[in-house]
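Colleague: Quick one, final_15.cif (mmCIF, C-alpha atoms):
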```
data_work
#
loop_
_atom_site.label_atom_id
_atom_site.label_comp_id
_atom_site.auth_asym_id
_atom_site.auth_seq_id
_atom_site.Cartn_x
_atom_site.Cartn_y
_atom_site.Cartn_z
CA MET A 1463 3.73 -1.21 -15.82
CA SER A 1464 0.14 -2.39 -15.69
CA ALA A 1465 -2.62 -0.91 -17.82
CA LEU A 1466 -3.25 2.73 -17.02
CA PRO A 1467 -6.80 3.79 -16.20
CA PHE A 1468 -6.51 6.66 -18.69
CA ARG A 1469 -4.90 7.35 -22.08
CA ARG A 1470 -1.17 6.65 -21.90
CA GLN A 1471 -0.34 9.46 -24.29
CA GLU A 1472 -2.43 12.13 -22.58
CA ARG A 1473 -0.10 15.02 -21.74
CA VAL A 1474 0.03 16.68 -18.34
CA ASN A 1475 2.27 19.69 -17.80
CA LEU A 1476 2.83 20.19 -14.08
CA SER A 1477 6.19 21.95 -14.46
CA THR A 1478 4.89 25.35 -13.37
CA ALA A 1479 2.25 24.09 -10.95
CA GLU A 1480 2.57 25.29 -7.37
CA VAL A 1481 2.13 22.10 -5.36
CA LEU A 1482 2.15 22.11 -1.57
CA ILE A 1483 3.01 18.77 0.05
CA VAL A 1484 2.51 18.45 3.81
CA GLY A 1485 3.41 15.40 5.89
CA GLY A 1486 4.60 14.79 9.43
CA ASP A 1487 6.84 11.77 8.79
CA ALA A 1488 10.09 12.79 7.08
CA ASP A 1489 10.35 9.63 4.96
CA GLY A 1490 6.69 9.61 3.97
CA LEU A 1491 7.04 13.26 2.98
CA GLU A 1492 10.17 12.52 0.95
CA ILE A 1493 8.35 9.78 -0.96
CA LEU A 1494 5.50 12.16 -1.86
CA VAL A 1495 7.94 14.91 -2.88
CA GLN A 1496 9.87 12.49 -5.10
CA MET A 1497 6.61 11.30 -6.65
CA PHE A 1498 5.59 14.83 -7.65
CA ALA A 1499 9.11 15.66 -8.83
CA GLY A 1500 8.85 12.58 -11.06
CA PHE A 1501 5.51 13.87 -12.36
CA GLY A 1502 7.39 16.95 -13.54
CA VAL A 1503 6.67 19.46 -10.76
CA HIS A 1504 9.76 21.68 -10.64
CA THR A 1505 9.61 22.83 -7.04
CA PRO A 1506 7.19 20.98 -4.79
CA ARG A 1507 6.80 22.99 -1.55
CA ARG A 1508 7.36 20.60 1.33
CA CYS A 1509 6.19 21.25 4.88
CA ALA A 1510 6.31 18.99 7.91
CA SER A 1511 3.88 20.92 10.04
CA GLY A 1512 0.55 22.66 9.70
CA ALA A 1513 2.14 25.92 10.90
CA GLU A 1514 4.74 25.87 8.10
CA ALA A 1515 2.05 25.02 5.57
CA MET A 1516 -0.11 27.92 6.77
CA THR A 1517 2.82 30.27 6.06
CA VAL A 1518 3.17 28.91 2.52
CA VAL A 1519 -0.58 29.30 1.97
CA GLY A 1520 -0.23 32.97 2.89
CA GLU A 1521 2.72 33.54 0.55
CA ARG A 1522 1.96 31.65 -2.64
CA GLU A 1523 -0.91 30.93 -4.97
CA LEU A 1524 -1.32 27.17 -4.86
CA ASN A 1525 -2.61 24.97 -7.65
CA LEU A 1526 -2.72 21.72 -5.65
CA ALA A 1527 -2.28 20.68 -2.02
CA VAL A 1528 -1.39 17.13 -1.00
CA VAL A 1529 -1.84 16.66 2.73
CA ASP A 1530 -0.95 13.66 4.88
CA SER A 1531 -3.44 12.88 7.63
CA GLN A 1532 -0.59 13.02 10.14
CA LEU A 1533 1.39 16.26 10.54
CA ALA A 1534 4.09 17.23 13.02
CA ASP A 1535 1.92 19.62 15.02
CA THR A 1536 -1.68 18.89 14.11
CA ASP A 1537 -3.49 16.54 11.76
CA GLY A 1538 -4.27 16.83 8.09
CA TYR A 1539 -8.02 17.03 8.68
CA ASP A 1540 -7.69 20.17 10.81
CA PHE A 1541 -5.30 21.73 8.31
CA ILE A 1542 -7.69 21.17 5.39
CA ASN A 1543 -10.55 22.50 7.50
CA TRP A 1544 -8.48 25.64 8.13
CA LEU A 1545 -7.41 25.91 4.48
CA ARG A 1546 -11.02 25.88 3.26
CA ARG A 1547 -11.85 28.77 5.59
CA CYS A 1548 -8.61 30.77 5.33
CA GLY A 1549 -10.19 33.49 3.22
CA SER A 1550 -7.56 33.49 0.44
CA PRO A 1551 -8.04 32.15 -3.11
CA ASN A 1552 -6.04 29.11 -1.95
CA ALA A 1553 -9.14 28.04 -0.03
CA TRP A 1554 -10.44 26.59 -3.32
CA ALA A 1555 -7.23 24.81 -4.36
CA PRO A 1556 -7.79 21.12 -5.15
CA THR A 1557 -6.68 19.15 -2.11
CA ILE A 1558 -5.80 15.48 -1.86
CA LEU A 1559 -5.75 13.93 1.62
CA VAL A 1560 -3.36 10.97 1.98
CA THR A 1561 -4.19 8.60 4.82
CA GLY A 1562 -2.23 5.68 6.26
CA HIS A 1563 -4.21 3.29 8.42
CA THR A 1564 -7.71 4.16 7.31
CA THR A 1565 -11.08 3.55 8.92
CA PRO A 1566 -14.37 4.54 7.26
CA SER A 1567 -14.82 7.29 9.85
CA GLN A 1568 -11.51 8.82 8.77
CA ILE A 1569 -12.63 8.87 5.14
CA PHE A 1570 -15.85 10.68 6.11
CA ARG A 1571 -13.83 13.05 8.29
CA GLY A 1572 -11.55 13.87 5.34
CA ARG A 1573 -14.49 14.45 3.06
CA ASP A 1574 -16.22 16.64 5.62
CA ALA A 1575 -13.05 18.66 6.21
CA GLY A 1576 -13.21 19.62 2.53
CA ALA A 1577 -10.73 17.27 0.81
CA SER A 1578 -11.27 16.87 -2.93
CA PHE A 1579 -10.15 13.24 -2.71
CA VAL A 1580 -8.95 10.86 -0.02
CA VAL A 1581 -6.20 8.43 -1.07
CA ARG A 1582 -5.04 5.55 1.11
CA LYS A 1583 -1.36 4.62 1.52
CA PRO A 1584 0.59 3.03 0.04
CA VAL A 1585 -0.14 5.32 -2.92
CA PRO A 1586 1.21 4.01 -6.22
CA PRO A 1587 2.13 6.88 -8.58
CA MET A 1588 -0.45 5.58 -11.05
CA ILE A 1589 -3.26 6.09 -8.53
CA MET A 1590 -2.06 9.58 -7.62
CA MET A 1591 -1.81 10.52 -11.30
CA GLN A 1592 -5.32 9.18 -11.87
CA ARG A 1593 -6.64 11.47 -9.12
CA ILE A 1594 -4.80 14.43 -10.66
CA VAL A 1595 -6.32 13.68 -14.07
CA TRP A 1596 -9.74 13.48 -12.42
CA LEU A 1597 -9.12 16.85 -10.76
CA LEU A 1598 -8.35 18.40 -14.16
CA SER A 1599 -11.92 17.78 -15.23
CA ASP A 1600 -13.58 17.98 -11.81
CA PRO A 1601 -16.96 19.63 -12.44
CA ARG A 1602 -17.89 20.03 -8.79
CA ALA A 1603 -18.94 23.43 -7.53
CA PHE A 1604 -17.72 24.75 -4.20
CA VAL A 1605 -19.92 25.13 -1.20
CA THR A 1606 -19.52 27.49 1.73
CA SER A 1607 -21.83 27.16 4.67
CA PRO A 1608 -21.50 27.47 8.44
CA GLY A 1609 -20.92 23.73 8.75
CA TYR A 1610 -18.92 22.93 5.62
CA CYS A 1611 -16.56 24.54 3.12
CA GLY A 1612 -15.24 22.57 0.18
CA PRO A 1613 -16.18 20.76 -3.01
CA ASP A 1614 -19.84 19.87 -3.34
CA ARG A 1615 -20.28 16.53 -1.56
CA ARG A 1616 -23.61 15.69 -3.14
CA VAL A 1617 -22.64 12.94 -5.53
CA ARG A 1618 -25.84 10.91 -5.44
CA SER A 1619 -29.50 11.45 -4.76
CA LEU A 1620 -30.94 9.26 -2.04
CA GLY A 1621 -34.44 10.65 -2.42
CA PRO A 1622 -36.61 11.95 0.40
CA PRO A 1623 -36.37 10.32 3.84
CA VAL A 1624 -38.21 7.03 4.29
CA GLY A 1625 -41.88 7.60 5.05
CA MET A 1626 -41.89 11.16 3.69
CA LYS A 1627 -43.36 12.33 0.45
CA GLY A 1628 -40.94 14.25 -1.75
CA ARG A 1629 -41.66 17.78 -2.93
CA ARG A 1630 -40.85 17.07 -6.58
CA HIS A 1631 -43.16 15.08 -8.80
CA ASP A 1632 -40.34 12.63 -9.72
CA ASP A 1633 -39.01 12.07 -6.18
CA LEU A 1634 -38.69 8.39 -5.33
CA SER A 1635 -38.28 7.05 -1.82
CA VAL A 1636 -35.04 5.29 -0.99
CA GLU A 1637 -37.13 2.38 0.37
CA ILE A 1638 -37.60 0.02 -2.54
CA GLY A 1639 -39.81 -2.57 -0.85
CA ALA A 1640 -39.85 -6.33 -1.22
CA ALA A 1641 -38.97 -8.06 -4.50
CA LYS A 1642 -42.00 -9.01 -6.59
CA THR A 1643 -40.24 -11.64 -8.70
CA PRO A 1644 -37.75 -14.39 -7.75
CA ASN A 1645 -34.04 -13.56 -7.72
CA LEU A 1646 -32.16 -14.29 -10.92
CA GLU A 1647 -29.96 -17.37 -10.85
CA GLN A 1648 -26.27 -16.72 -11.57
CA ASP A 1649 -26.48 -18.33 -15.03
CA GLU A 1650 -29.39 -16.04 -15.88
CA ILE A 1651 -27.29 -13.05 -14.82
CA ASP A 1652 -24.32 -14.36 -16.83
CA ALA A 1653 -26.55 -14.77 -19.86
CA LEU A 1654 -27.35 -11.07 -19.77
CA PHE A 1655 -23.65 -10.34 -20.37
CA GLN A 1656 -23.12 -12.84 -23.20
CA PRO A 1657 -23.35 -11.58 -26.76
CA LYS A 1658 -25.93 -13.40 -28.85
CA ALA A 1659 -26.63 -13.54 -32.53
CA VAL A 1660 -29.76 -11.58 -33.33
CA ALA A 1661 -31.96 -12.45 -36.30
CA ARG A 1662 -32.57 -9.49 -38.58
CA MET B 566 -33.15 31.16 5.16
CA THR B 567 -29.99 29.24 4.35
CA LEU B 568 -26.51 30.71 4.56
CA ALA B 569 -25.00 28.17 2.16
CA ARG B 570 -23.44 29.47 -1.04
CA VAL B 571 -22.72 27.26 -4.05
CA PHE B 572 -20.48 28.64 -6.77
CA SER B 573 -18.01 27.68 -9.48
CA VAL B 574 -14.30 28.42 -9.27
CA GLU B 575 -11.77 28.46 -12.08
CA ASN B 576 -9.84 25.18 -12.33
CA LYS B 577 -6.36 26.72 -12.44
CA LEU B 578 -4.67 23.34 -12.16
CA ALA B 579 -6.38 22.27 -15.37
CA ARG B 580 -5.33 25.49 -17.16
CA ILE B 581 -1.68 24.99 -16.18
CA ALA B 582 -1.62 21.25 -16.82
CA ARG B 583 -3.02 21.71 -20.35
CA GLU B 584 -0.25 24.10 -21.40
CA PRO B 585 2.04 22.76 -24.17
CA GLY B 586 4.95 20.59 -23.07
CA GLY B 587 5.00 18.42 -20.01
CA LYS B 588 4.98 14.65 -20.02
CA THR B 589 2.62 11.94 -21.10
CA VAL B 590 0.94 10.34 -18.11
CA GLU B 591 2.89 7.18 -18.81
CA GLU B 592 6.20 9.07 -18.67
CA ALA B 593 5.09 10.91 -15.54
CA VAL B 594 4.18 7.68 -13.74
CA LYS B 595 7.46 6.03 -14.76
CA GLY B 596 9.39 9.12 -13.67
CA ALA B 597 7.69 9.05 -10.29
CA GLU B 598 8.38 5.34 -9.81
CA GLN B 599 12.06 5.91 -10.55
CA ARG B 600 12.31 8.87 -8.18
CA ILE B 601 10.63 6.91 -5.38
CA GLU B 602 13.00 4.00 -5.99
CA SER B 603 15.94 6.39 -5.73
CA VAL B 604 15.18 7.07 -2.05
CA ARG B 605 14.42 3.44 -1.14
CA GLU B 606 17.71 2.86 0.69
CA ARG B 607 17.32 5.90 2.90
CA CYS B 608 13.65 5.29 3.71
CA VAL B 609 14.05 1.56 4.38
CA ALA B 610 17.12 2.19 6.53
CA ALA B 611 15.01 4.44 8.76
CA LEU B 612 12.49 1.70 9.52
CA PRO B 613 14.48 -0.08 12.28
CA LEU B 614 14.98 3.32 13.93
CA LYS B 615 11.24 3.96 13.87
CA ALA B 616 10.68 0.48 15.34
CA GLU B 617 13.11 1.28 18.17
CA GLN B 618 11.28 4.56 18.84
CA LEU B 619 8.05 2.56 18.96
CA SER B 620 9.59 0.15 21.44
CA ALA B 621 10.95 2.96 23.64
CA LEU B 622 7.58 4.71 23.67
CA ALA B 623 5.69 1.51 24.51
CA GLY B 624 8.14 0.80 27.32
CA GLY B 625 7.98 4.33 28.71
CA ASP B 626 5.41 6.16 30.80
CA ARG B 627 2.14 4.43 30.00
CA GLY B 628 0.16 7.05 31.84
CA ALA B 629 1.33 9.83 29.51
CA PRO B 630 -1.69 11.54 27.92
CA ASP B 631 -0.57 11.24 24.28
CA ILE B 632 1.03 7.81 24.42
CA LEU B 633 -1.60 6.02 22.34
CA GLU B 634 -1.55 8.76 19.72
CA GLY B 635 2.27 8.66 19.61
CA LEU B 636 2.29 4.89 19.13
CA TYR B 637 -0.43 5.12 16.50
CA ASN B 638 1.46 7.81 14.58
CA LEU B 639 4.69 5.79 14.61
CA GLY B 640 2.86 2.62 13.52
CA ASN B 641 1.20 4.60 10.77
CA ALA B 642 4.53 6.03 9.58
CA ILE B 643 6.04 2.51 9.41
CA PHE B 644 2.97 1.25 7.54
CA GLY B 645 3.21 4.07 4.98
CA VAL B 646 6.87 3.52 4.11
CA ALA B 647 6.83 -0.31 4.27
CA GLY B 648 3.85 -0.45 1.93
CA VAL B 649 5.56 1.69 -0.71
CA TYR B 650 8.60 -0.58 -0.82
CA ASP B 651 6.68 -3.87 -0.84
CA LEU B 652 7.72 -4.88 2.69
CA ASP B 653 4.34 -6.54 3.00
CA ALA B 654 4.85 -8.40 6.28
CA LEU B 655 6.07 -5.27 8.07
CA ALA B 656 3.24 -3.21 6.57
CA GLU B 657 0.67 -5.75 7.78
CA ALA B 658 2.16 -5.85 11.28
CA ALA B 659 2.15 -2.04 11.51
CA CYS B 660 -1.41 -1.87 10.19
CA SER B 661 -2.47 -4.49 12.76
CA LEU B 662 -0.94 -2.36 15.54
CA CYS B 663 -2.86 0.67 14.26
CA ASP B 664 -6.11 -1.35 14.24
CA LEU B 665 -5.46 -2.34 17.83
CA LEU B 666 -4.56 1.18 18.96
CA GLN B 667 -7.55 2.68 17.16
CA GLY B 668 -9.82 0.55 19.34
CA PHE B 669 -7.97 1.58 22.49
CA ARG B 670 -8.11 5.26 21.47
CA ASP B 671 -11.85 4.87 20.99
CA GLY B 672 -12.23 3.87 24.62
CA GLU B 673 -11.57 0.13 24.82
CA PRO B 674 -9.46 -0.77 27.88
CA VAL B 675 -5.80 -0.79 26.82
CA ASN B 676 -4.18 -4.22 26.78
CA TRP B 677 -0.46 -3.51 26.93
CA SER B 678 0.50 -7.15 26.34
CA ALA B 679 -1.21 -7.00 22.95
CA VAL B 680 0.68 -3.80 22.15
CA GLU B 681 4.01 -5.29 23.26
CA VAL B 682 3.55 -8.39 21.09
CA HIS B 683 2.95 -6.13 18.09
CA VAL B 684 5.92 -3.90 18.86
CA ASP B 685 8.20 -6.94 19.19
CA GLY B 686 6.93 -8.33 15.88
CA ILE B 687 7.48 -5.00 14.15
CA ARG B 688 11.03 -4.76 15.53
CA LEU B 689 11.88 -8.19 14.17
CA LEU B 690 10.38 -7.50 10.76
CA ALA B 691 11.86 -3.99 10.49
CA GLY B 692 15.27 -5.45 11.17
CA GLY B 693 15.00 -7.33 7.91
CA ARG B 694 13.98 -10.69 9.35
CA THR B 695 12.05 -12.61 6.75
CA GLU B 696 12.25 -16.16 8.08
CA GLY B 697 9.42 -16.73 10.50
CA ALA B 698 7.47 -13.77 9.15
CA THR B 699 4.45 -15.99 8.50
CA VAL B 700 4.47 -17.23 12.10
CA ILE B 701 4.83 -13.69 13.45
CA LEU B 702 1.93 -12.45 11.33
CA ASP B 703 -0.29 -15.41 12.29
CA GLY B 704 0.31 -14.57 15.95
CA LEU B 705 -0.44 -10.88 15.44
CA ARG B 706 -3.63 -11.67 13.54
CA LYS B 707 -4.87 -13.78 16.46
CA VAL B 708 -4.07 -11.05 18.97
CA ARG B 709 -5.71 -8.40 16.80
CA ALA B 710 -8.83 -10.56 16.36
CA ARG B 711 -9.20 -10.80 20.15
CA PHE B 712 -9.31 -7.06 20.63
CA THR B 713 -10.78 -5.50 17.51
CA PRO B 714 -14.08 -5.94 15.68
CA ALA B 715 -13.90 -8.01 12.48
CA ASP B 716 -14.87 -5.12 10.21
CA LEU B 717 -11.89 -2.93 11.12
#
```
Could you express the structure from this file as structure tokens?
Modeller:
Amino acid sequence: MSALPFRRQERVNLSTAEVLIVGGDADGLEILVQMFAGFGVHTPRRCASGAEAMTVVGERELNLAVVDSQLADTDGYDFINWLRRCGSPNAWAPTILVTGHTTPSQIFRGRDAGASFVVRKPVPPMIMMQRIVWLLSDPRAFVTSPGYCGPDRRVRSLGPPVGMKGRRHDDLSVEIGAAKTPNLEQDEIDALFQPKAVAR
Amino acid sequence: MTLARVFSVENKLARIAREPGGKTVEEAVKGAEQRIESVRERCVAALPLKAEQLSALAGGDRGAPDILEGLYNLGNAIFGVAGVYDLDALAEAACSLCDLLQGFRDGEPVNWSAVEVHVDGIRLLAGGRTEGATVILDGLRKVRARFTPADL
């Protein structure tokens, strides 16, 4: 196994976690269920359709939802959109959207539906576990608004729109203007990363 | 006035996952890899069936309203399973079909010959054919390049 992107000995106890796994392709769903069983989840709840999953959402308190973009009766984006607005505490459950063939527009669609993360197939268990570990310390607040319900999407500040003055004294425009000095050559860039002896 | 509300919610997953017991992440990842391997035979055996369904759909009523979506979903399902079990040539062929169909679903005129070539390639590769895979993929790449933008 290659190097893990987190501490190998970090413990994760998912045995009592209520995990909902939804996917329209029987084999793809089986692979996800086996993955979570291997992670230690005792009884992953598997559903092939959005309708089945909606029933489970109404019956159980979920700790994690893993949703394929392709379901038997609808798509994963619409299901997550519904989940975030369903009015039960499950609306705030961490939700991972798993996509197959993935275009940038599908990633934005998943984010805007309210997914906590979007993961592209094939999903190695190491990548899925990394996302779970990230979710354990996810500091994002939740947002509800007429146009969006889900984790706060604001992960970076782009400053005020180009040509407009910001309202805060430290607002910087996203337009950075032309360079005032020549570009660094590659060896100059490399030199910045090389340790050097420093005279004391 | 804005109707947006921003608030914190308890991270119940974190509370449960930090309870004593469980597995180290290394054990969990190994356990998952073993469990996925345990269903390899069943999942791989279903691939030729999916390829036949793809072929039947492509050869059926091309005026049906959901035909492109149905083909896309089947291609996507093949891509997902083939990728997990390192059937790289089949995964690439299925992904190429999805690229092609995505363009057609977005309004490009449908070229059924391009779809048929992909379906035939996927059938051959799903049947376990490995010799000639490079030639099949080269052909599919050329077809895909004719009909889809380079950044897809």
Colleague: Pick from A:Leu1524, A:Ile1483, A:Val1580, A:Cys1548: nearest to chain B, with all atoms listed in the file counted?
Modeller: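 Looking only at the distances to chain B, the closest residue turns out to be A:Leu1524.
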Colleague: Do you know which residues the PyMOL selection byres ((chain A) within 6 of (chain B)) returns on this file, as a list in words?
Modeller: Arg1470, Gln1471, Glu1472, Arg1473, Val1474, Asn1475, Leu1476, Asp1489, Ile1493, Gln1496, Met1497, Gly1500, Phe1501, Asn1525, Gly1562, Lys1583, Pro1584, Pro1587, Met1588, Leu1598, Ala1603, Phe1604, Val1605, Thr1606 and Ser1607 of chain A
Colleague: Just say which residues the PyMOL selection byres ((chain A and resi 1514) around 12) picks in this file, as a short mmCIF file (atom, residue, chain, number, x, y, z; two decimals) with C-alpha atoms, in the coordinates of the input.
Modeller:
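Saved file selection-v3.cif follows:
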```cif
data_model
loop_
_atom_site.label_atom_id
_atom_site.label_comp_id
_atom_site.auth_asym_id
_atom_site.auth_seq_id
_atom_site.Cartn_x
_atom_site.Cartn_y
_atom_site.Cartn_z
CA LEU A 1482 2.15 22.11 -1.57
CA ILE A 1483 3.01 18.77 0.05
CA VAL A 1484 2.51 18.45 3.81
CA GLY A 1485 3.41 15.40 5.89
CA GLY A 1486 4.60 14.79 9.43
CA ARG A 1507 6.80 22.99 -1.55
CA ARG A 1508 7.36 20.60 1.33
CA CYS A 1509 6.19 21.25 4.88
CA ALA A 1510 6.31 18.99 7.91
CA SER A 1511 3.88 20.92 10.04
CA GLY A 1512 0.55 22.66 9.70
CA ALA A 1513 2.14 25.92 10.90
CA ALA A 1515 2.05 25.02 5.57
CA MET A 1516 -0.11 27.92 6.77
CA THR A 1517 2.82 30.27 6.06
CA VAL A 1518 3.17 28.91 2.52
CA VAL A 1519 -0.58 29.30 1.97
CA GLY A 1520 -0.23 32.97 2.89
CA GLU A 1521 2.72 33.54 0.55
CA LEU A 1533 1.39 16.26 10.54
CA ALA A 1534 4.09 17.23 13.02
CA ASP A 1535 1.92 19.62 15.02
CA THR A 1536 -1.68 18.89 14.11
CA PHE A 1541 -5.30 21.73 8.31
#
```
Colleague: Need the neighbours of (7.2, -0.4, 15.8): which residues are at most 8 Å away, counting all atoms listed in the file, as JSON, numbers by chain?
Modeller: {"B": [615, 616, 617, 618, 619, 620, 636, 639, 640, 643, 659, 683, 684, 685, 686, 687, 688, 691]}
Colleague: Could you check how far CA of Leu1559 in chain A sits from CA of Arg1571 in chain A, in Å to one decimal?
Modeller: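 Computing it gives 10.5 Å between the two atoms.
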Colleague: Just so the selection is clear, what residues does the PyMOL selection byres ((chain A and resi 1553) around 10) cover here, as a PDB file with C-alpha atoms, in the frame of the given file?
Modeller:
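File written: expr.pdb
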```
ATOM      1  CA  VAL A1519      -0.580  29.300   1.970  1.00  0.00           C
ATOM      2  CA  LEU A1524      -1.320  27.170  -4.860  1.00  0.00           C
ATOM      3  CA  ILE A1542      -7.690  21.170   5.390  1.00  0.00           C
ATOM      4  CA  ASN A1543     -10.550  22.500   7.500  1.00  0.00           C
ATOM      5  CA  TRP A1544      -8.480  25.640   8.130  1.00  0.00           C
ATOM      6  CA  LEU A1545      -7.410  25.910   4.480  1.00  0.00           C
ATOM      7  CA  ARG A1546     -11.020  25.880   3.260  1.00  0.00           C
ATOM      8  CA  ARG A1547     -11.850  28.770   5.590  1.00  0.00           C
ATOM      9  CA  CYS A1548      -8.610  30.770   5.330  1.00  0.00           C
ATOM     10  CA  GLY A1549     -10.190  33.490   3.220  1.00  0.00           C
ATOM     11  CA  SER A1550      -7.560  33.490   0.440  1.00  0.00           C
ATOM     12  CA  PRO A1551      -8.040  32.150  -3.110  1.00  0.00           C
ATOM     13  CA  ASN A1552      -6.040  29.110  -1.950  1.00  0.00           C
ATOM     14  CA  TRP A1554     -10.440  26.590  -3.320  1.00  0.00           C
ATOM     15  CA  ALA A1555      -7.230  24.810  -4.360  1.00  0.00           C
ATOM     16  CA  PRO A1556      -7.790  21.120  -5.150  1.00  0.00           C
ATOM     17  CA  THR A1557      -6.680  19.150  -2.110  1.00  0.00           C
ATOM     18  CA  GLY A1576     -13.210  19.620   2.530  1.00  0.00           C
ATOM     19  CA  CYS A1611     -16.560  24.540   3.120  1.00  0.00           C
ATOM     20  CA  GLY A1612     -15.240  22.570   0.180  1.00  0.00           C
TER      21      GLY A1612
END
```
Colleague: Residues around (-9.6, 10.0, -13.8), cut-off 12 Å, counting only C-alpha atoms - what are they as an NGL selection string?
Modeller: (:A and (1466-1469 or 1472 or 1579 or 1588-1600)) or (:B and (590))
Colleague: Using all atoms listed in the file, which residue out of B:Ala679, B:Ala658, B:Leu689, B:Leu666 lies closest to Asp703 in chain B?
Modeller: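 Of all the options, B:Ala658 lies closest to Asp703 in chain B.
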Colleague: Could you work out how far CA of Gln1568 in chain A lies from CA of Val1495 in chain A, giving the answer in Å with one decimal?
Modeller: 23.5 Å
Colleague: Distance CA of Phe669 in chain B-CA of Phe712 in chain B, one decimal place?
Modeller: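 We find that CA of Phe669 in chain B and CA of Phe712 in chain B lie 8.9 Å from each other.
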Colleague: So which one's closest to Arg711 in chain B, B:Leu665, B:Asp653, B:Gly624, B:Ala698? Using only C-alpha atoms, please.
Modeller: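 With only C-alpha atoms as the atom set, the closest residue is B:Leu665.
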Colleague: Which residue out of A:Pro1506, A:Gly1490, A:Pro1613, A:Gly1628 has the minimum interatomic distance to Arg1573 in chain A when all atoms listed in the file are used?
Modeller: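 Of A:Pro1506, A:Gly1490, A:Pro1613, A:Gly1628, the one nearest Arg1573 in chain A, counting all atoms listed in the file, is A:Pro1613.
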Colleague: Save range 645-657 of chain B from what I just supplied, as an mmCIF file, in the first residue's frame, atoms limited to N, CA, C and O atoms.
Modeller:
```
data_model
loop_
_atom_site.group_PDB
_atom_site.id
_atom_site.type_symbol
_atom_site.label_atom_id
_atom_site.label_comp_id
_atom_site.auth_asym_id
_atom_site.auth_seq_id
_atom_site.Cartn_x
_atom_site.Cartn_y
_atom_site.Cartn_z
ATOM 1 N N GLY B 645 -17.228 2.796 -14.227
ATOM 2 C CA GLY B 645 -17.042 2.737 -12.770
ATOM 3 C C GLY B 645 -16.494 1.408 -12.306
ATOM 4 O O GLY B 645 -15.567 1.354 -11.491
ATOM 5 N N VAL B 646 -17.028 0.308 -12.841
ATOM 6 C CA VAL B 646 -16.591 -1.021 -12.389
ATOM 7 C C VAL B 646 -15.222 -1.368 -12.986
ATOM 8 O O VAL B 646 -14.328 -1.860 -12.286
ATOM 9 N N ALA B 647 -15.033 -1.086 -14.281
ATOM 10 C CA ALA B 647 -13.756 -1.429 -14.935
ATOM 11 C C ALA B 647 -12.591 -0.695 -14.270
ATOM 12 O O ALA B 647 -11.506 -1.255 -14.088
ATOM 13 N N GLY B 648 -12.826 0.555 -13.890
ATOM 14 C CA GLY B 648 -11.758 1.332 -13.261
ATOM 15 C C GLY B 648 -11.331 0.759 -11.925
ATOM 16 O O GLY B 648 -10.150 0.740 -11.591
ATOM 17 N N VAL B 649 -12.290 0.252 -11.162
ATOM 18 C CA VAL B 649 -11.974 -0.307 -9.835
ATOM 19 C C VAL B 649 -11.084 -1.544 -9.968
ATOM 20 O O VAL B 649 -10.172 -1.749 -9.166
ATOM 21 N N TYR B 650 -11.347 -2.341 -11.002
ATOM 22 C CA TYR B 650 -10.602 -3.603 -11.134
ATOM 23 C C TYR B 650 -9.478 -3.520 -12.172
ATOM 24 O O TYR B 650 -9.068 -4.539 -12.738
ATOM 25 N N ASP B 651 -8.990 -2.308 -12.391
ATOM 26 C CA ASP B 651 -7.802 -2.094 -13.237
ATOM 27 C C ASP B 651 -7.967 -2.612 -14.664
ATOM 28 O O ASP B 651 -6.984 -3.024 -15.293
ATOM 29 N N LEU B 652 -9.172 -2.637 -15.169
ATOM 30 C CA LEU B 652 -9.392 -2.973 -16.581
ATOM 31 C C LEU B 652 -9.302 -1.646 -17.347
ATOM 32 O O LEU B 652 -10.311 -1.060 -17.768
ATOM 33 N N ASP B 653 -8.060 -1.187 -17.489
ATOM 34 C CA ASP B 653 -7.837 0.193 -17.937
ATOM 35 C C ASP B 653 -8.347 0.457 -19.352
ATOM 36 O O ASP B 653 -8.898 1.527 -19.626
ATOM 37 N N ALA B 654 -8.134 -0.506 -20.257
ATOM 38 C CA ALA B 654 -8.553 -0.285 -21.647
ATOM 39 C C ALA B 654 -10.071 -0.153 -21.724
ATOM 40 O O ALA B 654 -10.598 0.744 -22.403
ATOM 41 N N LEU B 655 -10.775 -1.026 -21.012
ATOM 42 C CA LEU B 655 -12.242 -0.975 -21.021
ATOM 43 C C LEU B 655 -12.732 0.324 -20.375
ATOM 44 O O LEU B 655 -13.664 0.963 -20.878
ATOM 45 N N ALA B 656 -12.078 0.709 -19.284
ATOM 46 C CA ALA B 656 -12.474 1.954 -18.609
ATOM 47 C C ALA B 656 -12.279 3.145 -19.545
ATOM 48 O O ALA B 656 -13.136 4.032 -19.617
ATOM 49 N N GLU B 657 -11.172 3.151 -20.283
ATOM 50 C CA GLU B 657 -10.929 4.285 -21.192
ATOM 51 C C GLU B 657 -11.957 4.316 -22.325
ATOM 52 O O GLU B 657 -12.453 5.387 -22.702
#
```
